[in-house]
Amino acid sequence: MLPDADEPIMEAIELLFFGYRDFVSDPDVILTSYEFGRAHHRVVHFVGRNPGITVAELLSILLITKQSLARVLRQLIERGFIEQKTGEKDRRQRRLYLTAAGLDLWRRLLEPQHRRVRRAFAAAGPNAERAWRDVLLALLDEEHRPEVEHVIAKDALPEGTKDRK
């Protein structure tokens, strides 16, 4: 242990590890039946939350290489979970959408996580949602906060996506 370790901070760090482990455990079981992994889950989630998102925007959200995204996206497209359409205003853009099968998969992956988080907020008390949001945003590198807040806002879309159709 670090000689000057602050025990509450160490507990918080460990709780993040354990919380994440259990948070992804239910979707991991579902993904296994499709021979998919967590990268597939993240792509399905953000395409589901942002229909018409461009590949460039998705890369910006996930902070992964083009090669990593290309492999996962190719599998999701070939298996019929995502479709890509050419942008109406910019023909170079590839806009991504979940298919009916993709929507079904997204809902199956999201449901146990939604239930787990709802249960945790209820157990933690009336200010839990706000405190959770504040802590997680504060964990982000400062330069990423504005973009993340923009992406997670229900009524806002990432920069350059106001014209999604």
# chains A, B, ... in the order shown; residues from 1 in each chain; ligands from 1
>>> select_by_dssp(residues="region 53-107 of chain A", states="alpha helix (DSSP H)", output="list in words")
Val55, Ala56, Glu57, Leu58, Leu59, Ser60, Ile61, Leu62, Lys66, Gln67, Ser68, Leu69, Ala70, Arg71, Val72, Leu73, Arg74, Gln75, Leu76, Ile77, Glu78, Ala100, Ala101, Gly102, Leu103, Asp104, Leu105, Trp106 and Arg107 of chain A
>>> closest_residue(among="A:Leu98, A:Leu109, A:Leu139, A:Val117", to="Gly19 (chain A)", atoms="only C-alpha atoms")
A:Val117
>>> residues_around(residues="Val43 (chain A)", least_positions_apart="5", cutoff="9 Å", atoms="only C-alpha atoms", output="short mmCIF file (atom, residue, chain, number, x, y, z; two decimals) with N, CA, C and O atoms, in the first residue's frame")
data_model
loop_
_atom_site.label_atom_id
_atom_site.label_comp_id
_atom_site.auth_asym_id
_atom_site.auth_seq_id
_atom_site.Cartn_x
_atom_site.Cartn_y
_atom_site.Cartn_z
N ARG A 38 -17.01 -6.17 -25.33
CA ARG A 38 -17.39 -4.86 -24.80
C ARG A 38 -17.28 -3.75 -25.83
O ARG A 38 -18.03 -2.77 -25.78
N GLY A 48 -27.13 3.61 -30.75
CA GLY A 48 -28.52 3.62 -30.29
C GLY A 48 -28.93 4.95 -29.69
O GLY A 48 -30.03 5.44 -29.92
N LEU A 58 -18.31 8.98 -33.71
CA LEU A 58 -18.19 7.79 -32.87
C LEU A 58 -16.74 7.59 -32.43
O LEU A 58 -16.48 7.27 -31.26
N LEU A 62 -15.54 7.40 -28.50
CA LEU A 62 -14.91 6.18 -27.98
C LEU A 62 -13.41 6.31 -27.76
O LEU A 62 -12.83 5.51 -27.01
N LEU A 69 -12.26 0.41 -34.50
CA LEU A 69 -13.67 0.63 -34.80
C LEU A 69 -14.07 -0.09 -36.07
O LEU A 69 -15.15 -0.69 -36.13
N VAL A 72 -14.87 -3.84 -35.43
CA VAL A 72 -16.11 -4.03 -34.68
C VAL A 72 -17.32 -3.62 -35.52
O VAL A 72 -18.32 -4.34 -35.58
N LEU A 73 -17.22 -2.49 -36.18
CA LEU A 73 -18.32 -1.99 -37.00
C LEU A 73 -18.61 -2.94 -38.15
O LEU A 73 -19.78 -3.22 -38.45
N LEU A 76 -20.63 -5.81 -36.82
CA LEU A 76 -22.01 -5.41 -36.49
C LEU A 76 -22.84 -5.18 -37.75
O LEU A 76 -24.03 -5.50 -37.79
#
>>> residues_around(residues="Glu129 (chain A)", least_positions_apart="4", cutoff="10 Å", atoms="only C-alpha atoms", output="list in words")
Val117, Arg118, Ala120, Phe121, Ala122, Ala124, Gly125, Arg133 and Asp134 of chain A
>>> select_by_dssp(residues="chain A", states="strand (DSSP E or B)", output="VMD selection string")
chain A and resid 53 to 54 82 to 86 94 to 98
>>> write_last_selection(atoms="C-alpha atoms", output="tab-separated table (two decimals), in the first residue's frame")
chain	number	residue	atom	x	y	z
A	53	ILE	CA	-23.98	9.45	-35.75
A	54	THR	CA	-21.03	9.63	-38.11
A	82	ILE	CA	-26.06	-1.68	-37.70
A	83	GLU	CA	-26.62	-0.11	-41.08
A	84	GLN	CA	-24.69	2.76	-42.55
A	85	LYS	CA	-26.11	5.34	-44.87
A	86	THR	CA	-24.41	8.02	-46.88
A	94	ARG	CA	-21.19	7.45	-43.24
A	95	ARG	CA	-24.07	7.75	-40.80
A	96	LEU	CA	-24.80	4.83	-38.52
A	97	TYR	CA	-28.16	3.47	-37.39
A	98	LEU	CA	-29.28	0.44	-35.43
>>> atom_distance(atom1="CA of Arg130 (chain A)", atom2="CA of Glu149 (chain A)")
13.5 Å
>>> atom_distance(atom1="CA of Leu105 (chain A)", atom2="CA of Ile77 (chain A)")
13.3 Å
>>> atom_distance(atom1="CA of Thr99 (chain A)", atom2="CA of Gly80 (chain A)")
6.8 Å
>>> closest_residue(among="A:Arg107, A:Arg116, A:His150, A:Arg145", to="Val44 (chain A)", atoms="only C-alpha atoms")
A:Arg107
>>> decode(residues="region 92-122 of chain A", atoms="N, CA, C and O atoms", output="PDB file, in the first residue's frame")
ATOM      1  N   ARG A  92     -19.655  12.086 -48.347  1.00  0.00           N
ATOM      2  CA  ARG A  92     -18.490  11.384 -47.803  1.00  0.00           C
ATOM      3  C   ARG A  92     -18.776  10.801 -46.419  1.00  0.00           C
ATOM      4  O   ARG A  92     -18.067   9.916 -45.970  1.00  0.00           O
ATOM      5  N   GLN A  93     -19.779  11.344 -45.756  1.00  0.00           N
ATOM      6  CA  GLN A  93     -20.093  10.871 -44.412  1.00  0.00           C
ATOM      7  C   GLN A  93     -20.789   9.520 -44.448  1.00  0.00           C
ATOM      8  O   GLN A  93     -21.598   9.254 -45.341  1.00  0.00           O
ATOM      9  N   ARG A  94     -20.465   8.703 -43.450  1.00  0.00           N
ATOM     10  CA  ARG A  94     -21.192   7.452 -43.242  1.00  0.00           C
ATOM     11  C   ARG A  94     -21.930   7.606 -41.920  1.00  0.00           C
ATOM     12  O   ARG A  94     -21.313   7.732 -40.862  1.00  0.00           O
ATOM     13  N   ARG A  95     -23.239   7.616 -41.994  1.00  0.00           N
ATOM     14  CA  ARG A  95     -24.073   7.754 -40.796  1.00  0.00           C
ATOM     15  C   ARG A  95     -24.538   6.373 -40.363  1.00  0.00           C
ATOM     16  O   ARG A  95     -24.906   5.540 -41.196  1.00  0.00           O
ATOM     17  N   LEU A  96     -24.526   6.154 -39.074  1.00  0.00           N
ATOM     18  CA  LEU A  96     -24.797   4.828 -38.522  1.00  0.00           C
ATOM     19  C   LEU A  96     -26.140   4.791 -37.796  1.00  0.00           C
ATOM     20  O   LEU A  96     -26.490   5.726 -37.071  1.00  0.00           O
ATOM     21  N   TYR A  97     -26.852   3.688 -38.000  1.00  0.00           N
ATOM     22  CA  TYR A  97     -28.164   3.471 -37.389  1.00  0.00           C
ATOM     23  C   TYR A  97     -28.266   2.026 -36.929  1.00  0.00           C
ATOM     24  O   TYR A  97     -27.746   1.122 -37.592  1.00  0.00           O
ATOM     25  N   LEU A  98     -28.972   1.805 -35.835  1.00  0.00           N
ATOM     26  CA  LEU A  98     -29.278   0.438 -35.429  1.00  0.00           C
ATOM     27  C   LEU A  98     -30.406  -0.084 -36.297  1.00  0.00           C
ATOM     28  O   LEU A  98     -31.355   0.646 -36.610  1.00  0.00           O
ATOM     29  N   THR A  99     -30.317  -1.335 -36.678  1.00  0.00           N
ATOM     30  CA  THR A  99     -31.415  -2.018 -37.367  1.00  0.00           C
ATOM     31  C   THR A  99     -32.400  -2.480 -36.296  1.00  0.00           C
ATOM     32  O   THR A  99     -32.159  -2.290 -35.093  1.00  0.00           O
ATOM     33  N   ALA A 100     -33.471  -3.125 -36.690  1.00  0.00           N
ATOM     34  CA  ALA A 100     -34.417  -3.679 -35.709  1.00  0.00           C
ATOM     35  C   ALA A 100     -33.699  -4.672 -34.793  1.00  0.00           C
ATOM     36  O   ALA A 100     -33.903  -4.670 -33.573  1.00  0.00           O
ATOM     37  N   ALA A 101     -32.830  -5.504 -35.366  1.00  0.00           N
ATOM     38  CA  ALA A 101     -32.062  -6.456 -34.546  1.00  0.00           C
ATOM     39  C   ALA A 101     -31.112  -5.714 -33.619  1.00  0.00           C
ATOM     40  O   ALA A 101     -30.899  -6.117 -32.468  1.00  0.00           O
ATOM     41  N   GLY A 102     -30.526  -4.627 -34.105  1.00  0.00           N
ATOM     42  CA  GLY A 102     -29.636  -3.815 -33.284  1.00  0.00           C
ATOM     43  C   GLY A 102     -30.364  -3.156 -32.133  1.00  0.00           C
ATOM     44  O   GLY A 102     -29.863  -3.105 -31.002  1.00  0.00           O
ATOM     45  N   LEU A 103     -31.566  -2.648 -32.411  1.00  0.00           N
ATOM     46  CA  LEU A 103     -32.382  -2.058 -31.339  1.00  0.00           C
ATOM     47  C   LEU A 103     -32.735  -3.095 -30.283  1.00  0.00           C
ATOM     48  O   LEU A 103     -32.695  -2.808 -29.085  1.00  0.00           O
ATOM     49  N   ASP A 104     -33.061  -4.301 -30.722  1.00  0.00           N
ATOM     50  CA  ASP A 104     -33.375  -5.370 -29.780  1.00  0.00           C
ATOM     51  C   ASP A 104     -32.155  -5.704 -28.923  1.00  0.00           C
ATOM     52  O   ASP A 104     -32.271  -5.841 -27.704  1.00  0.00           O
ATOM     53  N   LEU A 105     -30.996  -5.821 -29.533  1.00  0.00           N
ATOM     54  CA  LEU A 105     -29.777  -6.115 -28.788  1.00  0.00           C
ATOM     55  C   LEU A 105     -29.470  -4.989 -27.808  1.00  0.00           C
ATOM     56  O   LEU A 105     -29.151  -5.240 -26.640  1.00  0.00           O
ATOM     57  N   TRP A 106     -29.571  -3.761 -28.255  1.00  0.00           N
ATOM     58  CA  TRP A 106     -29.296  -2.613 -27.393  1.00  0.00           C
ATOM     59  C   TRP A 106     -30.206  -2.639 -26.165  1.00  0.00           C
ATOM     60  O   TRP A 106     -29.759  -2.461 -25.040  1.00  0.00           O
ATOM     61  N   ARG A 107     -31.486  -2.872 -26.379  1.00  0.00           N
ATOM     62  CA  ARG A 107     -32.430  -2.934 -25.248  1.00  0.00           C
ATOM     63  C   ARG A 107     -32.087  -4.069 -24.290  1.00  0.00           C
ATOM     64  O   ARG A 107     -32.166  -3.906 -23.078  1.00  0.00           O
ATOM     65  N   ARG A 108     -31.704  -5.218 -24.833  1.00  0.00           N
ATOM     66  CA  ARG A 108     -31.329  -6.361 -23.992  1.00  0.00           C
ATOM     67  C   ARG A 108     -30.085  -6.046 -23.161  1.00  0.00           C
ATOM     68  O   ARG A 108     -30.000  -6.461 -22.003  1.00  0.00           O
ATOM     69  N   LEU A 109     -29.133  -5.339 -23.735  1.00  0.00           N
ATOM     70  CA  LEU A 109     -27.918  -4.981 -23.018  1.00  0.00           C
ATOM     71  C   LEU A 109     -28.176  -3.887 -21.985  1.00  0.00           C
ATOM     72  O   LEU A 109     -27.601  -3.893 -20.893  1.00  0.00           O
ATOM     73  N   LEU A 110     -29.039  -2.965 -22.329  1.00  0.00           N
ATOM     74  CA  LEU A 110     -29.299  -1.805 -21.481  1.00  0.00           C
ATOM     75  C   LEU A 110     -30.185  -2.128 -20.280  1.00  0.00           C
ATOM     76  O   LEU A 110     -29.998  -1.567 -19.191  1.00  0.00           O
ATOM     77  N   GLU A 111     -31.119  -3.033 -20.447  1.00  0.00           N
ATOM     78  CA  GLU A 111     -32.108  -3.297 -19.402  1.00  0.00           C
ATOM     79  C   GLU A 111     -31.485  -3.675 -18.048  1.00  0.00           C
ATOM     80  O   GLU A 111     -31.832  -3.071 -17.029  1.00  0.00           O
ATOM     81  N   PRO A 112     -30.576  -4.637 -17.982  1.00  0.00           N
ATOM     82  CA  PRO A 112     -30.019  -4.957 -16.660  1.00  0.00           C
ATOM     83  C   PRO A 112     -29.164  -3.825 -16.087  1.00  0.00           C
ATOM     84  O   PRO A 112     -29.142  -3.630 -14.861  1.00  0.00           O
ATOM     85  N   GLN A 113     -28.512  -3.057 -16.937  1.00  0.00           N
ATOM     86  CA  GLN A 113     -27.731  -1.932 -16.437  1.00  0.00           C
ATOM     87  C   GLN A 113     -28.648  -0.829 -15.919  1.00  0.00           C
ATOM     88  O   GLN A 113     -28.390  -0.233 -14.875  1.00  0.00           O
ATOM     89  N   HIS A 114     -29.711  -0.581 -16.637  1.00  0.00           N
ATOM     90  CA  HIS A 114     -30.690   0.421 -16.222  1.00  0.00           C
ATOM     91  C   HIS A 114     -31.278   0.033 -14.861  1.00  0.00           C
ATOM     92  O   HIS A 114     -31.369   0.857 -13.945  1.00  0.00           O
ATOM     93  N   ARG A 115     -31.644  -1.220 -14.730  1.00  0.00           N
ATOM     94  CA  ARG A 115     -32.215  -1.726 -13.483  1.00  0.00           C
ATOM     95  C   ARG A 115     -31.202  -1.587 -12.334  1.00  0.00           C
ATOM     96  O   ARG A 115     -31.540  -1.145 -11.248  1.00  0.00           O
ATOM     97  N   ARG A 116     -29.949  -1.937 -12.586  1.00  0.00           N
ATOM     98  CA  ARG A 116     -28.901  -1.869 -11.563  1.00  0.00           C
ATOM     99  C   ARG A 116     -28.671  -0.425 -11.106  1.00  0.00           C
ATOM    100  O   ARG A 116     -28.575  -0.142  -9.915  1.00  0.00           O
ATOM    101  N   VAL A 117     -28.584   0.505 -12.047  1.00  0.00           N
ATOM    102  CA  VAL A 117     -28.337   1.906 -11.690  1.00  0.00           C
ATOM    103  C   VAL A 117     -29.550   2.500 -10.983  1.00  0.00           C
ATOM    104  O   VAL A 117     -29.410   3.219  -9.983  1.00  0.00           O
ATOM    105  N   ARG A 118     -30.740   2.193 -11.461  1.00  0.00           N
ATOM    106  CA  ARG A 118     -31.960   2.691 -10.805  1.00  0.00           C
ATOM    107  C   ARG A 118     -32.009   2.210  -9.354  1.00  0.00           C
ATOM    108  O   ARG A 118     -32.304   2.984  -8.441  1.00  0.00           O
ATOM    109  N   ARG A 119     -31.695   0.936  -9.133  1.00  0.00           N
ATOM    110  CA  ARG A 119     -31.690   0.358  -7.787  1.00  0.00           C
ATOM    111  C   ARG A 119     -30.621   1.038  -6.911  1.00  0.00           C
ATOM    112  O   ARG A 119     -30.864   1.349  -5.749  1.00  0.00           O
ATOM    113  N   ALA A 120     -29.457   1.298  -7.480  1.00  0.00           N
ATOM    114  CA  ALA A 120     -28.378   1.944  -6.728  1.00  0.00           C
ATOM    115  C   ALA A 120     -28.758   3.368  -6.335  1.00  0.00           C
ATOM    116  O   ALA A 120     -28.523   3.786  -5.189  1.00  0.00           O
ATOM    117  N   PHE A 121     -29.348   4.116  -7.250  1.00  0.00           N
ATOM    118  CA  PHE A 121     -29.781   5.479  -6.926  1.00  0.00           C
ATOM    119  C   PHE A 121     -30.832   5.468  -5.822  1.00  0.00           C
ATOM    120  O   PHE A 121     -30.793   6.282  -4.903  1.00  0.00           O
ATOM    121  N   ALA A 122     -31.776   4.553  -5.911  1.00  0.00           N
ATOM    122  CA  ALA A 122     -32.823   4.468  -4.888  1.00  0.00           C
ATOM    123  C   ALA A 122     -32.212   4.154  -3.519  1.00  0.00           C
ATOM    124  O   ALA A 122     -32.615   4.740  -2.503  1.00  0.00           O
TER     125      ALA A 122
END
